[in-house]
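Asks: mmCIF, C-alpha atoms, file model.cif:
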```cif
data_final
loop_
_atom_site.label_atom_id
_atom_site.label_comp_id
_atom_site.auth_asym_id
_atom_site.auth_seq_id
_atom_site.Cartn_x
_atom_site.Cartn_y
_atom_site.Cartn_z
CA MET A 182 27.66 -24.55 42.57
CA THR A 183 26.31 -24.39 46.11
CA LYS A 184 24.43 -21.40 47.51
CA ARG A 185 27.37 -20.65 49.80
CA ASN A 186 29.87 -20.65 46.93
CA THR A 187 27.59 -18.40 44.91
CA GLN A 188 27.34 -15.89 47.78
CA GLN A 189 31.09 -16.02 48.37
CA ARG A 190 31.73 -15.31 44.68
CA ARG A 191 29.26 -12.42 44.70
CA HIS A 192 30.84 -11.00 47.83
CA LEU A 193 34.27 -11.12 46.13
CA ILE A 194 32.85 -9.52 42.99
CA LEU A 195 31.34 -6.70 45.06
CA SER A 196 34.66 -6.18 46.86
CA GLN A 197 36.45 -5.87 43.52
CA VAL A 198 33.89 -3.42 42.18
CA ASN A 199 34.23 -1.21 45.24
CA GLU A 200 38.03 -1.41 45.12
CA LEU A 201 38.56 -0.96 41.37
CA GLY A 202 35.49 1.09 40.48
CA GLU A 203 34.49 -1.22 37.63
CA VAL A 204 34.75 -4.85 36.51
CA ALA A 205 34.32 -6.73 33.23
CA VAL A 206 32.23 -9.87 32.74
CA GLU A 207 34.93 -11.57 30.66
CA THR A 208 37.63 -10.96 33.28
CA LEU A 209 35.43 -12.18 36.13
CA ALA A 210 34.47 -15.34 34.26
CA GLU A 211 38.12 -16.18 33.74
CA GLN A 212 39.03 -15.35 37.34
CA PHE A 213 36.28 -17.50 38.88
CA GLN A 214 36.49 -20.20 36.19
CA THR A 215 32.80 -19.99 35.40
CA SER A 216 30.68 -18.94 32.44
CA GLU A 217 29.93 -15.37 31.44
CA VAL A 218 26.22 -16.22 31.79
CA THR A 219 26.80 -17.04 35.48
CA ILE A 220 28.71 -13.79 36.03
CA ARG A 221 25.93 -11.78 34.37
CA LYS A 222 23.45 -13.44 36.75
CA ASP A 223 25.70 -12.46 39.67
CA LEU A 224 25.87 -8.85 38.53
CA THR A 225 22.12 -8.73 37.95
CA ALA A 226 21.47 -10.08 41.46
CA LEU A 227 23.86 -7.55 43.02
CA GLU A 228 22.26 -4.71 41.06
CA LYS A 229 18.77 -5.78 42.17
CA SER A 230 20.04 -5.63 45.76
CA GLY A 231 21.17 -2.06 45.11
CA LEU A 232 24.88 -2.85 45.55
CA LEU A 233 26.32 -1.89 42.13
CA LEU A 234 25.28 -0.60 38.70
CA ARG A 235 25.33 -2.72 35.53
CA ARG A 236 27.09 -1.36 32.47
CA TYR A 237 27.65 -2.91 29.03
CA GLY A 238 30.17 -5.73 29.46
CA GLY A 239 30.39 -5.42 33.24
CA ALA A 240 29.47 -3.26 36.19
CA ILE A 241 30.56 -0.15 38.08
CA ALA A 242 30.56 0.84 41.74
CA LEU A 243 27.80 2.98 43.20
CA PRO A 244 28.61 6.68 43.67
CA LYS A 245 30.77 7.18 46.76
CA GLU A 246 28.31 9.61 48.31
CA ILE A 247 25.78 6.77 48.51
CA VAL A 248 27.92 4.10 50.14
CA SER A 249 30.56 5.99 52.11
CA ASP A 250 30.84 4.72 55.66
CA GLU A 251 31.61 6.91 58.64
CA ILE A 252 33.29 5.70 61.78
CA ASP A 253 30.62 4.60 64.24
CA SER A 254 30.74 6.49 67.51
CA LYS A 255 31.02 4.67 70.82
CA ARG A 256 27.45 5.74 71.59
CA LYS A 257 26.17 4.23 68.37
CA VAL A 258 28.04 0.98 69.00
CA ALA A 259 26.66 0.70 72.54
CA ILE A 260 23.12 1.29 71.28
CA ALA A 261 23.60 -1.15 68.41
CA LYS A 262 24.81 -3.91 70.75
CA ALA A 263 21.78 -3.42 73.02
CA ALA A 264 19.47 -3.57 70.01
CA ALA A 265 21.04 -6.74 68.59
CA ALA A 266 20.63 -8.44 71.96
CA LEU A 267 16.85 -8.27 71.43
CA ILE A 268 17.01 -10.30 68.22
CA LYS A 269 16.49 -14.07 68.36
CA ASP A 270 17.59 -16.65 65.80
CA HIS A 271 15.18 -16.94 62.84
CA ASN A 272 13.57 -13.54 63.52
CA ARG A 273 12.16 -11.57 60.61
CA ILE A 274 13.30 -7.98 61.04
CA ILE A 275 13.31 -4.59 59.30
CA ILE A 276 16.37 -2.35 59.58
CA ASP A 277 15.74 1.23 58.48
CA SER A 278 18.39 3.56 57.07
CA GLY A 279 20.74 5.45 59.35
CA ARG A 280 24.23 5.22 60.85
CA THR A 281 23.03 3.90 64.19
CA THR A 282 20.94 1.15 62.63
CA ALA A 283 23.79 0.28 60.26
CA ALA A 284 26.05 -0.13 63.29
CA MET A 285 23.90 -3.12 64.30
CA ILE A 286 25.04 -5.26 61.40
CA PRO A 287 28.33 -6.62 62.83
CA GLU A 288 26.37 -7.63 65.95
CA LEU A 289 24.17 -9.92 63.84
CA ALA A 290 27.05 -12.19 62.81
CA THR A 291 26.12 -14.88 65.35
CA LYS A 292 22.38 -14.88 64.64
CA GLN A 293 21.09 -17.81 62.61
CA GLY A 294 18.29 -17.89 60.05
CA LEU A 295 17.56 -14.16 60.02
CA VAL A 296 15.36 -12.58 57.37
CA VAL A 297 16.20 -8.88 57.03
CA MET A 298 14.30 -6.25 55.03
CA THR A 299 15.94 -2.87 54.48
CA ASN A 300 15.55 0.23 52.35
CA ALA A 301 19.19 1.25 52.80
CA ILE A 302 22.15 0.38 50.58
CA LYS A 303 24.59 0.81 53.48
CA VAL A 304 22.70 -1.76 55.54
CA ALA A 305 22.42 -4.17 52.60
CA THR A 306 26.15 -3.94 51.86
CA ARG A 307 27.07 -4.81 55.43
CA LEU A 308 24.56 -7.65 55.57
CA LEU A 309 25.98 -9.19 52.40
CA ALA A 310 29.39 -9.42 54.05
CA LEU A 311 28.19 -11.52 57.01
CA GLU A 312 29.28 -15.15 56.97
CA ASN A 313 26.04 -16.37 58.59
CA GLU A 314 24.23 -15.32 55.39
CA PRO A 315 20.96 -13.74 56.52
CA THR A 316 18.25 -13.64 53.87
CA LEU A 317 18.28 -10.11 52.46
CA LEU A 318 15.16 -8.36 51.18
CA MET A 319 15.12 -4.82 49.79
CA THR A 320 12.16 -2.52 49.40
CA GLY A 321 13.13 -0.88 46.13
CA GLY A 322 11.42 2.44 45.44
CA THR A 323 12.61 5.99 44.77
CA TRP A 324 16.08 6.99 45.99
CA ASP A 325 15.98 9.79 48.57
CA PRO A 326 19.41 11.46 48.93
CA HIS A 327 18.49 13.11 52.25
CA SER A 328 17.86 9.86 54.10
CA GLU A 329 20.18 7.81 51.81
CA SER A 330 17.41 5.26 51.38
CA PHE A 331 14.61 4.15 49.10
CA GLN A 332 11.22 5.71 49.80
CA GLY A 333 7.84 6.10 48.13
CA GLN A 334 4.81 4.09 47.11
CA VAL A 335 6.73 1.15 45.63
CA ALA A 336 8.65 0.63 48.87
CA GLU A 337 5.45 0.94 50.91
CA ASN A 338 3.64 -1.61 48.75
CA VAL A 339 6.48 -4.12 49.11
CA LEU A 340 6.43 -3.82 52.89
CA CYS A 341 2.66 -4.27 53.06
CA SER A 342 3.02 -7.78 51.63
CA TYR A 343 5.19 -9.01 54.53
CA ASP A 344 4.98 -9.30 58.30
CA PHE A 345 7.93 -8.94 60.67
CA ASP A 346 8.86 -9.58 64.27
CA GLN A 347 10.78 -6.34 64.81
CA LEU A 348 11.50 -2.96 63.25
CA PHE A 349 14.76 -1.18 64.12
CA ILE A 350 14.58 2.49 63.21
CA GLY A 351 16.49 5.67 64.05
CA ALA A 352 15.30 9.25 64.50
CA ASP A 353 16.59 12.79 63.97
CA GLY A 354 15.10 13.74 67.30
CA ILE A 355 12.76 12.72 70.11
CA ASP A 356 9.87 14.86 71.30
CA VAL A 357 9.50 13.54 74.85
CA ALA A 358 5.78 14.28 74.83
CA ARG A 359 4.89 13.06 71.32
CA GLY A 360 7.36 10.54 69.87
CA THR A 361 10.08 10.37 67.21
CA THR A 362 10.69 13.35 64.93
CA THR A 363 12.55 13.92 61.68
CA PHE A 364 13.80 16.65 59.37
CA ASN A 365 12.58 14.57 56.44
CA GLU A 366 9.01 15.18 55.31
CA LEU A 367 8.86 11.65 53.85
CA VAL A 368 7.47 9.76 56.85
CA GLY A 369 5.06 7.42 55.05
CA LEU A 370 7.47 4.50 54.73
CA SER A 371 8.47 4.66 58.40
CA GLN A 372 4.84 4.46 59.40
CA VAL A 373 4.22 1.50 57.08
CA MET A 374 7.29 -0.23 58.55
CA ALA A 375 5.86 0.24 62.04
CA LYS A 376 2.53 -1.29 61.00
CA ALA A 377 4.29 -4.30 59.45
CA ALA A 378 6.20 -5.19 62.66
CA ARG A 379 5.00 -6.55 65.99
CA GLU A 380 7.72 -4.63 67.87
CA VAL A 381 8.97 -1.15 66.99
CA ILE A 382 12.42 -0.44 68.44
CA VAL A 383 13.84 3.08 68.11
CA LEU A 384 17.62 3.62 68.29
CA VAL A 385 18.78 7.16 69.10
CA GLU A 386 21.64 8.89 70.93
CA SER A 387 20.72 10.70 74.14
CA GLU A 388 21.81 14.06 72.72
CA LYS A 389 18.93 13.90 70.22
CA ILE A 390 16.28 13.43 72.90
CA GLY A 391 14.47 16.72 73.46
CA ARG A 392 15.34 18.19 70.04
CA LYS A 393 12.58 20.40 68.61
CA ILE A 394 11.96 19.11 65.09
CA PRO A 395 8.60 19.81 63.40
CA ASN A 396 7.86 16.53 61.62
CA LEU A 397 6.38 13.83 63.87
CA GLU A 398 7.39 10.42 62.50
CA LEU A 399 6.21 7.76 64.97
CA PRO A 400 3.90 8.68 67.87
CA TRP A 401 4.63 6.95 71.16
CA GLN A 402 1.62 4.63 70.86
CA THR A 403 3.33 2.90 67.91
CA VAL A 404 6.73 2.51 69.67
CA THR A 405 7.52 -0.55 71.80
CA THR A 406 11.08 0.19 72.94
CA LEU A 407 13.49 3.12 72.87
CA ILE A 408 17.21 2.32 73.07
CA THR A 409 19.58 5.17 73.88
CA ASP A 410 22.83 5.63 75.79
CA SER A 411 23.46 6.16 79.48
CA GLY A 412 23.87 9.92 78.99
CA LEU A 413 20.10 10.43 79.09
CA ALA A 414 18.96 12.73 81.92
CA HIS A 415 16.78 11.17 84.63
CA ASP A 416 13.84 13.54 84.07
CA LYS A 417 13.68 12.57 80.40
CA ARG A 418 13.89 8.88 81.30
CA ALA A 419 10.89 9.22 83.56
CA ALA A 420 8.90 11.21 80.98
CA ILE A 421 9.47 8.61 78.24
CA GLU A 422 8.61 5.67 80.49
CA ALA A 423 5.44 7.49 81.54
CA CYS A 424 4.34 7.31 77.88
CA GLY A 425 4.31 3.50 78.09
CA VAL A 426 7.57 2.97 76.19
CA LYS A 427 10.17 0.47 77.41
CA LEU A 428 13.46 2.34 77.84
CA ILE A 429 16.93 0.79 77.54
CA CYS A 430 19.97 2.98 78.33
CA ALA A 431 23.11 1.27 77.04
CA GLU A 432 26.38 1.80 78.90
CA ILE A 433 29.03 3.46 76.75
CA ILE A 434 32.22 1.40 76.63
CA GLN A 435 35.26 3.65 76.89
#
```
In structure tokens, how does this file's structure come out?

Replies:
Amino acid sequence: MTKRNTQQRRHLILSQVNELGEVAVETLAEQFQTSEVTIRKDLTALEKSGLLLRRYGGAIALPKEIVSDEIDSKRKVAIAKAAAALIKDHNRIIIDSGRTTAAMIPELATKQGLVVMTNAIKVATRLLALENEPTLLMTGGTWDPHSESFQGQVAENVLCSYDFDQLFIGADGIDVARGTTTFNELVGLSQVMAKAAREVIVLVESEKIGRKIPNLELPWQTVTTLITDSGLAHDKRAAIEACGVKLICAEIIQ
């Protein structure tokens, strides 16, 4: 069985789990004309990637509140396209949790040889569906329902053992004078991600820039590039660029 066939089978298994809610090892082995041992290995691999939950004799889908997708706004899509344009073939990248960062995934379909680390199940699920088969790494750690991602010391330790070309990360808000801000008090992993990457690229809609949120996540001196949409006011553009951050304002496609 080739690597490609194995990934195709696992993708089909995951699709069935999400559609039916649960699957049985015996049924899958018969369907794919392979051994139950092979199917158990598939389910174990998918569980380790955070894409389903093993149960005796099979597997079940993750709770819907964890994996539910929302329709990506035109702003998010424009920002995601601009972000993906910065990625070269064979880059090693981190994609943090968030709807804007998750919107990048379809734009990666033409990139070859990518290695992608993420702490988000939504991002991992979309990556697994890509035909160009990027290498997927997950942080593991403690599940945080607020950010819908894995956080904590385990995730931080995993990241410290790698180095990456780029980090793509969102934000709840932007303090024009200080940097990115968040409602979440768990900022340790974001800061470790930034240290592990040579470029830190923040993706955020223009409406979030100027929001007053108490928790500083990434100060400007750690940020390389900020990608937002063309709705950003000119005074805020100038203020951000004055902090030494490269600013990209993506045009919204109507």

Asks: Pull out every residue that the PyMOL selection byres ((chain A and resi 386) around 6) matches in the shown coordinates and put them as a PDB file with C-alpha atoms, keeping the file's coordinate frame.

Replies:
```pdb
ATOM      1  CA  VAL A 385      18.780   7.160  69.100  1.00  0.00           C
ATOM      2  CA  SER A 387      20.720  10.700  74.140  1.00  0.00           C
ATOM      3  CA  GLU A 388      21.810  14.060  72.720  1.00  0.00           C
ATOM      4  CA  LYS A 389      18.930  13.900  70.220  1.00  0.00           C
ATOM      5  CA  THR A 409      19.580   5.170  73.880  1.00  0.00           C
ATOM      6  CA  ASP A 410      22.830   5.630  75.790  1.00  0.00           C
TER       7      ASP A 410
END
```

Asks: List every protein, DNA or RNA residue that has an atom no more than 7 Å from (33.7, -5.5, 33.1) in the file's coordinate frame, counting all atoms listed in the file, and report them as a VMD selection string.

Replies: chain A and resid 203 to 208 238 to 240

Asks: Using only the atoms of segment 413-416 of chain A listed in the file, plus 4 Å on each side, state the axis-aligned box centre and edge lengths in Å rounded to one decimal, as JSON.

Replies:
```
{"center_x": 17.0, "center_y": 12.0, "center_z": 81.9, "size_x": 14.3, "size_y": 11.1, "size_z": 13.5}
```

Asks: Which residue out of A:Ala264, A:Ala375, A:Leu318, A:Leu243 has the minimum interatomic distance to Leu195 of chain A when all atoms listed in the file are used?

Replies: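 Counting all atoms listed in the file, the residue closest to Leu195 of chain A is A:Leu243.
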
Asks: The PyMOL selection byres ((chain A and resi 315) around 9) on the file shown: which residues, as a ChimeraX atom specification?

Replies: /A:289-290,292-297,308-309,311-314,316-317

Asks: Any chance you can output those residues with C-alpha atoms as a PDB file, in the coordinates of the input?

Replies:
```pdb
ATOM      1  CA  LEU A 289      24.170  -9.920  63.840  1.00  0.00           C
ATOM      2  CA  ALA A 290      27.050 -12.190  62.810  1.00  0.00           C
ATOM      3  CA  LYS A 292      22.380 -14.880  64.640  1.00  0.00           C
ATOM      4  CA  GLN A 293      21.090 -17.810  62.610  1.00  0.00           C
ATOM      5  CA  GLY A 294      18.290 -17.890  60.050  1.00  0.00           C
ATOM      6  CA  LEU A 295      17.560 -14.160  60.020  1.00  0.00           C
ATOM      7  CA  VAL A 296      15.360 -12.580  57.370  1.00  0.00           C
ATOM      8  CA  VAL A 297      16.200  -8.880  57.030  1.00  0.00           C
ATOM      9  CA  LEU A 308      24.560  -7.650  55.570  1.00  0.00           C
ATOM     10  CA  LEU A 309      25.980  -9.190  52.400  1.00  0.00           C
ATOM     11  CA  LEU A 311      28.190 -11.520  57.010  1.00  0.00           C
ATOM     12  CA  GLU A 312      29.280 -15.150  56.970  1.00  0.00           C
ATOM     13  CA  ASN A 313      26.040 -16.370  58.590  1.00  0.00           C
ATOM     14  CA  GLU A 314      24.230 -15.320  55.390  1.00  0.00           C
ATOM     15  CA  THR A 316      18.250 -13.640  53.870  1.00  0.00           C
ATOM     16  CA  LEU A 317      18.280 -10.110  52.460  1.00  0.00           C
TER      17      LEU A 317
END
```

Asks: Quick check, in Å to one decimal: how far apart do atom CA of Leu233 of chain A and atom CA of Asp325 of chain A lie?

Replies: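 According to the coordinates, atom CA of Leu233 of chain A and atom CA of Asp325 of chain A are separated by 16.9 Å.
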
Asks: Atom CA of Arg256 of chain A and atom CA of Ala420 of chain A are how many Å apart?

Replies: 21.5 Å

Asks: Which residues fall under the PyMOL selection byres ((chain A and resi 365) around 8) in this file, as a CSV table (one decimal) with C-alpha atoms, in the frame of the given file?

Replies:
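And here's result-v8.csv as it stands now:
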```
chain,number,residue,atom,x,y,z
A,327,HIS,CA,18.5,13.1,52.2
A,328,SER,CA,17.9,9.9,54.1
A,363,THR,CA,12.6,13.9,61.7
A,364,PHE,CA,13.8,16.6,59.4
A,366,GLU,CA,9.0,15.2,55.3
A,367,LEU,CA,8.9,11.6,53.8
A,368,VAL,CA,7.5,9.8,56.8
A,396,ASN,CA,7.9,16.5,61.6
```

Asks: Could you tell me how far atom CA of Gln372 of chain A lies from atom CA of Ala352 of chain A, in Å and to one decimal?

Replies: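 So the two atoms, atom CA of Gln372 of chain A and atom CA of Ala352 of chain A, lie 12.6 Å apart.
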